[in-house]
Amino acid sequence: MNPKELELYIHIPFCVKKCSYCDFLSAPATEQTREAYMAALFAEIEGRAKDYKDRIVTSVFIGGGTPSLLSGDRINQLMEHIREGFTLAEDAEITMEVNPGTATAEKFTAFHAAGINRLSIGMQSAQEKELKMLGRIHDFGSFVQVYREAVEAGFTNINVDVMSGLPGQTLASYRDTLEKVLHLEPMPQHISAYSLIVEEGTPFAAMAERGELPLPEEDTERAMYEETIEVLAKYGFHRYEISNYALDGYECRHNVGYWIRRDYLGFGIGAASLIDNVRFQNGRDLNTYLAHSFACREEEQSLTTQEQMEETMFLGLRLVRGVSYEDFEKQYGKSPEEVYGKVIAKNVADGLLTVREEENRGRYLALTKRGLDLSNYVMAQFLF
Amino acid sequence: MAAIDQSKIRNFCIVAHIDHGKSTLADRIIEKTGLLTSREMQAQVLDNMDLERERGITIKAQAVRTVYKAQDGEEYIFNLIDTPGHVDFNYEVSRSLAACDGAILVVDAAQGIEAQTLANVYLALDHDLDVFPVINKIDLPSADPQRVIEEIEDVIGIEAQDAPLISAKNGIGIEEVLEQIVKKIPAPKGSPDKPLQALIFDSVYDSYKGVIIFCRVMEGTVKKGTMIRMMATGAKEEVVEVGYFGAGQFIPCDELSAGMVGYITASIKNVKDTAVGDTVTDDNNPCAEPLPGYKKVQSMVYCGLYPADGSKYPDLRDALEKLQLNDASLFYEPETSVALGFGFRCGFLGLLHLEIIQERLEREYNLDLVTTAPGVVYKVHKTNGEVIELTNPSNLPDPSEIEYMEEPVVNAEIMVTSEFIGSIMELCQERRGKYLGMEYIEGTRALLKYELPLNEIIYDFFDALKSRSRGYASFDYDLKGYERSNLVKLDILINREEVDALSFIVCADSAYERGRKMCEKLKDEIPRHLFEIPIQAAIGGKVIARETVKAMRKDVLAKCYGGDITRKKKLLEKQKEGKKRMRQFGNVEIPQKAFMSVLKLDDKN
């Protein structure tokens, strides 16, 4: 029997400066705090690894925050600790998030040498005005340079983030951003296109409250979204998840893993894990973590079969290909129709869901294009 | 127990404007007369419903008997009857007053006379009560007792120079109040040997004793074994027990005779049989005539009450039944609505009464309710000569069958400082008020008199009054009668279907405006669906306003950080929860609170 697969997520909660829309767990920190954090992180990796000797790690994702703040040496040490503790698959996808304001040619060379084989670069926009509004620390020029340096360092699997629905953004400016990304040399292999969500507690939320956030009208925002699908398709990108587009073969394996509920283990503060249908999460307090990184697990939740089914549906439907009937039946001994017959029928009738045969892979239940737009509306119905 | 000397009894009540300290003074009187030590004393003994304490108002009449040893060395029995403090309960107030021989008028030393002060004091004088004033809250920095004394003398015309200056809260001046009760309030009259004649001023239901009648014996004597008869309702039972009111408890005694205040139990099952204002007599030796002033309770305001969860209908019925055991003024009958299913049309004394019942149903009976817009009772004169009393707008006959309609109007008195007279007059004008006159009270304050349609004041008039006078205006009204008016039924169509529970009756002149606002409000309340939903306001099939709830175009969590599934699930759960609080109407889901939105049409102003 093949060893069971596992994904690793490493959280680096530091950044140069918090962006105006960001509600992730990250903040600026001193060199000293960062050193202490990395030591705690290494201890956590070492401490936990022994329980997963039978697993094969198919992907690693170093996210944040801004992992590219770290030096090449630090990333190398991190990778060494991971390799020491876990068995990495030969073709494991190892991604690292990069803020264009923090990377240099030397760093990229070191990251590549350390074994990182995929980069996710937070460009967000090609318009200086929009970048400034977002509170980003880079301009478009520096992004282009960083991108070139990454390519020169040997990276051949790069994601670029773009955002739509930004304050002050117009359809023309968004179109221009897309075109600029698609005309990078070489073209990136993956594009994440998010539309902005104003999250509670962020500076954007406060501005929106005061009426100072000039968000585009609904019609414009929707036009941007349509534009993304159309323009990217022209350049060979297919949409495989609600907000993610890739050239064939370049879908982010790590992220797909989340949606098909592959087991994953998170390291660092606030990092979440799913192991054998138990979800747990590290505490979000930095000082507690620094003191006992190996013992700050909180909120352990053993999922009931019903909860597992709910997750299979509302996570799986994020993928454009949908939820596999075969996998569902294998896991639960029932077909999706037996469990969710009414909901499926209603949403198929409403034109939000569709059942289709995928070549060689059997039947899939998937959101239609309209269903993808209204995914929360559909997914909520799959909760018991 | 020795026979009680009638000349040593004082039956009295306290009248005041809301918040002038009526309940606090009552507490002090009870405490000082030694019935309870202050340690035993829970704040405001007389207001014993949780709701009463929270709202700071008395909903049901209560009574308590205490003994006071006066400076003349004699012991006096005080029967303090606490009266409801809100205009909704005016009739109950009048019956409580009729049970007394005198009244203490409490006036706030800073605020002076307010609309309810006047209304209540006139009510007391109408019942021939001897009234003496007390100036409360003299410890407030803004207190001006001398000004208030002059105001009382000028406006009400009662002697106030020797009014006790007190602080009920801090126990200052209470002795003087007790002495004046002895000196200024007359002892009751009446003969214990005449045929029994007792006034019911309240009654409560007790699951062991049955109905407990609160009464004042005017003439005659009642004791265990007397066969009593309620003269208006005709109910007859043998007395099981008589007694008087301790603090929070019933203390049995041998008999109640003329001049005394106490209770009677007689295995009566329903408070409907012991209506407030009715006369209790001895069936074997009846009095010649009932006491004057009895009125059948009439509901002034009606609304539909529906369980949010249709399967809870039997629970709602049981809860209403139980509440009615103790509240004869609550009316209900089953009705059905296309939009809301099975529920009840309920009648109340006023909007406060409605809110209290609604809150009690939700709190004490744990029911989740959908309430339709409250309305008043209209008289519909049909072309065939028939007159119907309309309590539910859905039952309005076809316009071709209607000769004309009448609506209830009230005489309202509004007390306001002169700087706000303009804005209050404007408000009354907007609410179709008819100006009757204005009296100045000591230069800076005026009493405005208006005739107003009841349906214009039941919603938010009081709030509007307060907001337009920075809280200074006070208000009182009583029902004048019915007047002919140009009224129409405004229907609301959602997705081209009439939603019966949203229909309401409105004056034709303001129909367009209200229809427009209603559509705007509903547009905000109804969530976007998969399809476009027109919202229309119509009169007799003719659409007068329209809004559209656009179809849902985007409901997606774009950036979903993979690891944090719990957060995503919470979001979806919230969304699902939200749907549960909706009413399915055809293809459209209408949130419960939308049915109350007609009440809040003036929010944006």
# chains A, B, ... in the order shown; residues from 1 in each chain; ligands from 1

$ interface_residues --of "chain A" --to "chain B" --cutoff "10 Å" --atoms "only C-alpha atoms" --output "compact mmCIF listing (two decimals) with N, CA and C atoms, in the first residue's frame"
# COMPACT_ATOMS: atom_id res chain seq x y z
N TYR A 9 2.27 23.09 5.86
CA TYR A 9 2.14 24.54 5.72
C TYR A 9 3.00 25.19 6.81
N PHE A 24 -4.84 38.78 7.72
CA PHE A 24 -4.11 37.57 8.10
C PHE A 24 -3.28 37.83 9.35
N MET A 163 -5.47 41.62 -8.11
CA MET A 163 -6.73 41.87 -7.40
C MET A 163 -7.65 42.75 -8.23
N SER A 192 -3.43 34.00 -9.69
CA SER A 192 -4.54 34.05 -8.73
C SER A 192 -5.20 35.41 -8.89
N ALA A 193 -6.47 35.40 -9.23
CA ALA A 193 -7.18 36.67 -9.43
C ALA A 193 -8.28 36.77 -8.40
N TYR A 194 -8.03 37.58 -7.39
CA TYR A 194 -9.00 37.72 -6.30
C TYR A 194 -9.77 39.00 -6.46
N SER A 195 -11.04 38.96 -6.05
CA SER A 195 -11.69 40.26 -5.95
C SER A 195 -11.65 40.66 -4.48
N LEU A 196 -11.44 41.92 -4.26
CA LEU A 196 -11.20 42.43 -2.90
C LEU A 196 -12.39 42.16 -1.98
N ILE A 197 -12.10 41.68 -0.80
CA ILE A 197 -13.13 41.60 0.25
C ILE A 197 -12.69 42.54 1.36
N GLU A 218 -21.07 47.76 -8.67
CA GLU A 218 -21.24 46.33 -8.88
C GLU A 218 -21.05 45.93 -10.34
N ASP A 219 -21.64 46.71 -11.26
CA ASP A 219 -21.52 46.36 -12.68
C ASP A 219 -20.07 46.33 -13.13
N GLU A 221 -17.40 45.92 -11.23
CA GLU A 221 -16.71 44.84 -10.54
C GLU A 221 -16.98 43.52 -11.25
N ARG A 222 -18.25 43.31 -11.62
CA ARG A 222 -18.61 42.08 -12.33
C ARG A 222 -17.95 42.03 -13.71
N GLU A 241 -10.18 26.80 -10.07
CA GLU A 241 -10.76 27.06 -8.76
C GLU A 241 -11.40 28.44 -8.82
N ILE A 242 -12.24 28.77 -7.85
CA ILE A 242 -12.98 30.02 -7.92
C ILE A 242 -12.11 31.21 -8.31
N SER A 243 -10.94 31.33 -7.73
CA SER A 243 -10.09 32.49 -8.02
C SER A 243 -8.73 32.12 -8.62
N ASN A 244 -8.57 30.88 -9.07
CA ASN A 244 -7.24 30.48 -9.55
C ASN A 244 -7.25 29.94 -10.99
N HIS A 254 -0.79 22.07 -3.77
CA HIS A 254 -1.00 22.28 -2.35
C HIS A 254 -2.42 22.79 -2.07
N ASN A 255 -2.82 23.81 -2.83
CA ASN A 255 -4.15 24.37 -2.62
C ASN A 255 -5.25 23.39 -2.99
N VAL A 256 -5.07 22.68 -4.08
CA VAL A 256 -6.06 21.67 -4.46
C VAL A 256 -6.21 20.68 -3.32
N GLY A 257 -5.09 20.38 -2.65
CA GLY A 257 -5.12 19.47 -1.50
C GLY A 257 -6.11 19.91 -0.43
N TYR A 258 -6.14 21.22 -0.17
CA TYR A 258 -7.10 21.72 0.82
C TYR A 258 -8.54 21.40 0.41
N TRP A 259 -8.79 21.56 -0.90
CA TRP A 259 -10.19 21.44 -1.35
C TRP A 259 -10.63 19.98 -1.45
N TYR A 264 -3.18 17.73 6.09
CA TYR A 264 -2.10 18.71 6.12
C TYR A 264 -1.77 19.07 7.55
N LEU A 265 -0.52 19.49 7.70
CA LEU A 265 0.00 19.82 9.01
C LEU A 265 0.53 21.23 8.94
N GLY A 266 0.05 22.09 9.85
CA GLY A 266 0.48 23.48 9.83
C GLY A 266 1.46 23.76 10.96
N GLY A 270 -1.02 30.20 14.80
CA GLY A 270 -2.32 30.23 14.12
C GLY A 270 -2.48 29.19 13.02
N ALA A 271 -1.46 28.37 12.78
CA ALA A 271 -1.52 27.45 11.64
C ALA A 271 -2.50 26.31 11.93
N ALA A 272 -3.32 25.99 10.91
CA ALA A 272 -4.35 24.96 11.06
C ALA A 272 -3.87 23.65 10.45
N SER A 273 -4.44 22.54 10.95
CA SER A 273 -4.08 21.22 10.46
C SER A 273 -5.32 20.36 10.31
N LEU A 274 -5.22 19.38 9.42
CA LEU A 274 -6.25 18.35 9.30
C LEU A 274 -5.54 17.00 9.20
N ARG A 279 -9.46 18.22 13.04
CA ARG A 279 -8.93 19.55 12.74
C ARG A 279 -8.39 20.16 14.02
N PHE A 280 -7.23 20.76 13.92
CA PHE A 280 -6.72 21.49 15.08
C PHE A 280 -5.91 22.67 14.61
N GLN A 281 -5.60 23.55 15.54
CA GLN A 281 -4.99 24.81 15.17
C GLN A 281 -4.05 25.25 16.28
N GLN A 301 -10.75 19.49 17.01
CA GLN A 301 -12.12 19.11 16.71
C GLN A 301 -12.14 17.86 15.86
N GLU A 310 -20.13 17.51 4.83
CA GLU A 310 -20.31 18.95 4.58
C GLU A 310 -19.04 19.52 3.96
N GLU A 311 -17.92 19.20 4.58
CA GLU A 311 -16.65 19.74 4.10
C GLU A 311 -16.34 19.26 2.69
N PHE A 314 -18.58 21.52 0.51
CA PHE A 314 -18.34 22.97 0.35
C PHE A 314 -16.89 23.31 0.02
N LEU A 315 -15.99 22.38 0.31
CA LEU A 315 -14.61 22.63 -0.12
C LEU A 315 -14.41 22.15 -1.56
N ARG A 318 -15.36 24.29 -4.53
CA ARG A 318 -14.51 25.43 -4.92
C ARG A 318 -13.73 25.10 -6.19
N ASP A 350 -32.10 25.36 -10.50
CA ASP A 350 -31.83 26.80 -10.48
C ASP A 350 -30.65 27.18 -11.38
N GLY A 351 -30.02 26.18 -11.99
CA GLY A 351 -28.91 26.47 -12.89
C GLY A 351 -27.61 26.80 -12.17
N LEU A 352 -27.49 26.34 -10.93
CA LEU A 352 -26.28 26.66 -10.16
C LEU A 352 -25.34 25.46 -10.06
N ARG A 370 -22.64 30.43 -13.22
CA ARG A 370 -23.42 31.26 -12.29
C ARG A 370 -23.24 30.74 -10.87
N GLY A 371 -23.19 29.43 -10.74
CA GLY A 371 -23.00 28.82 -9.42
C GLY A 371 -21.69 29.25 -8.80
N LEU A 372 -20.66 29.39 -9.61
CA LEU A 372 -19.37 29.84 -9.09
C LEU A 372 -19.48 31.27 -8.55
N ASP A 373 -20.27 32.09 -9.23
CA ASP A 373 -20.49 33.47 -8.75
C ASP A 373 -21.22 33.49 -7.41
N LEU A 374 -22.07 32.50 -7.22
CA LEU A 374 -22.93 32.49 -6.03
C LEU A 374 -22.57 31.32 -5.13
N SER A 375 -21.29 30.99 -5.10
CA SER A 375 -20.89 29.74 -4.45
C SER A 375 -21.30 29.67 -2.97
N ASN A 376 -21.21 30.78 -2.26
CA ASN A 376 -21.59 30.73 -0.83
C ASN A 376 -23.05 30.34 -0.67
N TYR A 377 -23.88 30.92 -1.54
CA TYR A 377 -25.31 30.64 -1.51
C TYR A 377 -25.55 29.14 -1.68
N VAL A 378 -24.82 28.53 -2.62
CA VAL A 378 -24.99 27.10 -2.87
C VAL A 378 -24.39 26.27 -1.73
N MET A 379 -23.17 26.62 -1.36
CA MET A 379 -22.46 25.81 -0.35
C MET A 379 -23.19 25.77 0.98
N ALA A 380 -23.77 26.90 1.35
CA ALA A 380 -24.45 26.96 2.65
C ALA A 380 -25.56 25.90 2.72
N GLN A 381 -26.12 25.56 1.57
CA GLN A 381 -27.21 24.59 1.56
C GLN A 381 -26.72 23.17 1.82
N PHE A 382 -25.42 22.97 1.73
CA PHE A 382 -24.89 21.63 1.98
C PHE A 382 -24.58 21.39 3.46
N LEU A 383 -24.82 22.41 4.28
CA LEU A 383 -24.63 22.21 5.72
C LEU A 383 -25.89 21.56 6.29
N PHE A 384 -25.68 20.65 7.23
CA PHE A 384 -26.85 19.98 7.83
C PHE A 384 -27.52 20.89 8.85

$ residues_around --residues "B:Leu330" --least-positions-apart "2" --cutoff "8 Å" --atoms "only C-alpha atoms" --output "compact mmCIF listing (two decimals) with all heavy atoms, in the first residue's frame"
# COMPACT_ATOMS: atom_id res chain seq x y z
N SER B 299 -60.32 46.86 23.25
CA SER B 299 -59.00 46.91 22.65
C SER B 299 -58.92 48.10 21.73
O SER B 299 -59.83 48.39 20.98
CB SER B 299 -58.74 45.63 21.86
OG SER B 299 -58.82 44.52 22.71
N LEU B 323 -51.62 33.95 29.59
CA LEU B 323 -51.51 35.39 29.85
C LEU B 323 -52.88 35.99 30.09
O LEU B 323 -53.06 36.87 30.92
CB LEU B 323 -50.81 36.09 28.68
CG LEU B 323 -49.30 35.89 28.58
CD1 LEU B 323 -48.75 36.68 27.39
CD2 LEU B 323 -48.60 36.35 29.85
N GLN B 324 -53.85 35.49 29.35
CA GLN B 324 -55.19 36.07 29.47
C GLN B 324 -55.81 35.77 30.83
O GLN B 324 -56.66 36.52 31.31
CB GLN B 324 -56.08 35.56 28.35
CG GLN B 324 -57.25 36.49 28.09
CD GLN B 324 -58.20 35.91 27.07
OE1 GLN B 324 -58.52 34.73 27.10
NE2 GLN B 324 -58.64 36.75 26.16
N ASP B 327 -54.92 38.74 32.55
CA ASP B 327 -55.01 40.01 31.86
C ASP B 327 -56.27 40.00 31.01
O ASP B 327 -56.25 39.61 29.85
CB ASP B 327 -53.76 40.19 30.99
CG ASP B 327 -53.75 41.56 30.32
OD1 ASP B 327 -54.77 42.28 30.40
OD2 ASP B 327 -52.72 41.90 29.70
N ALA B 328 -57.36 40.43 31.62
CA ALA B 328 -58.64 40.38 30.93
C ALA B 328 -58.68 41.34 29.75
O ALA B 328 -59.53 41.23 28.88
CB ALA B 328 -59.76 40.68 31.90
N TYR B 332 -57.70 37.83 22.02
CA TYR B 332 -57.09 37.15 20.87
C TYR B 332 -58.08 36.21 20.21
O TYR B 332 -58.96 35.67 20.87
CB TYR B 332 -55.82 36.40 21.26
CG TYR B 332 -56.03 35.21 22.18
CD1 TYR B 332 -56.24 33.93 21.64
CD2 TYR B 332 -56.01 35.36 23.55
CE1 TYR B 332 -56.43 32.84 22.48
CE2 TYR B 332 -56.20 34.28 24.39
CZ TYR B 332 -56.40 33.02 23.86
OH TYR B 332 -56.60 31.95 24.68
N CYS B 346 -54.67 39.83 17.74
CA CYS B 346 -54.72 40.16 19.16
C CYS B 346 -55.07 41.62 19.36
O CYS B 346 -54.65 42.48 18.58
CB CYS B 346 -53.37 39.89 19.82
SG CYS B 346 -52.87 38.17 19.66
N GLY B 347 -55.84 41.89 20.40
CA GLY B 347 -56.23 43.25 20.71
C GLY B 347 -55.60 43.70 22.02
O GLY B 347 -55.49 42.92 22.96
N PHE B 348 -55.18 44.97 22.04
CA PHE B 348 -54.48 45.49 23.22
C PHE B 348 -55.05 46.84 23.60
O PHE B 348 -55.68 47.52 22.80
CB PHE B 348 -52.99 45.66 22.91
CG PHE B 348 -52.35 44.41 22.38
CD1 PHE B 348 -52.28 44.18 21.02
CD2 PHE B 348 -51.85 43.46 23.24
CE1 PHE B 348 -51.71 43.02 20.52
CE2 PHE B 348 -51.28 42.30 22.76
CZ PHE B 348 -51.21 42.08 21.40
N LEU B 349 -54.73 47.27 24.83
CA LEU B 349 -55.19 48.57 25.29
C LEU B 349 -54.43 49.69 24.59
O LEU B 349 -54.93 50.79 24.44
CB LEU B 349 -54.97 48.69 26.80
CG LEU B 349 -55.79 47.72 27.65
CD1 LEU B 349 -55.36 47.81 29.09
CD2 LEU B 349 -57.27 48.02 27.50

$ closest_residue --among "A:Glu7, A:Glu44, A:Glu80, A:Glu326" --to "A:Phe294" --atoms "only C-alpha atoms"
A:Glu44

$ select_by_dssp --residues "stretch 51-201 of chain A" --states "strand (DSSP E)" --output "VMD selection string"
chain A and resid 56 to 64 87 to 98 118 to 124 158 to 164 190 to 195

$ closest_residue --among "B:Glu407, B:Asp509, B:Asp139, B:Glu219" --to "B:Met260" --atoms "only C-alpha atoms"
B:Glu219

$ residues_around --residues "stretch 282-294 of chain B" --least-positions-apart "3" --cutoff "10 Å" --atoms "only C-alpha atoms" --output "PyMOL selection string"
chain B and resi 91+94-95+98+194-200+218-222+226-232+236-238+275-279+297

$ closest_residue --among "A:Pro167, A:Gly268, A:Gly333, A:Gly85" --to "A:Phe14" --atoms "only C-alpha atoms"
A:Gly268

$ select_by_dssp --residues "stretch 245-327 of chain A" --states "alpha helix (DSSP H)" --output "number ranges by chain"
A: 253-259, 286-291, 305-316, 325-327
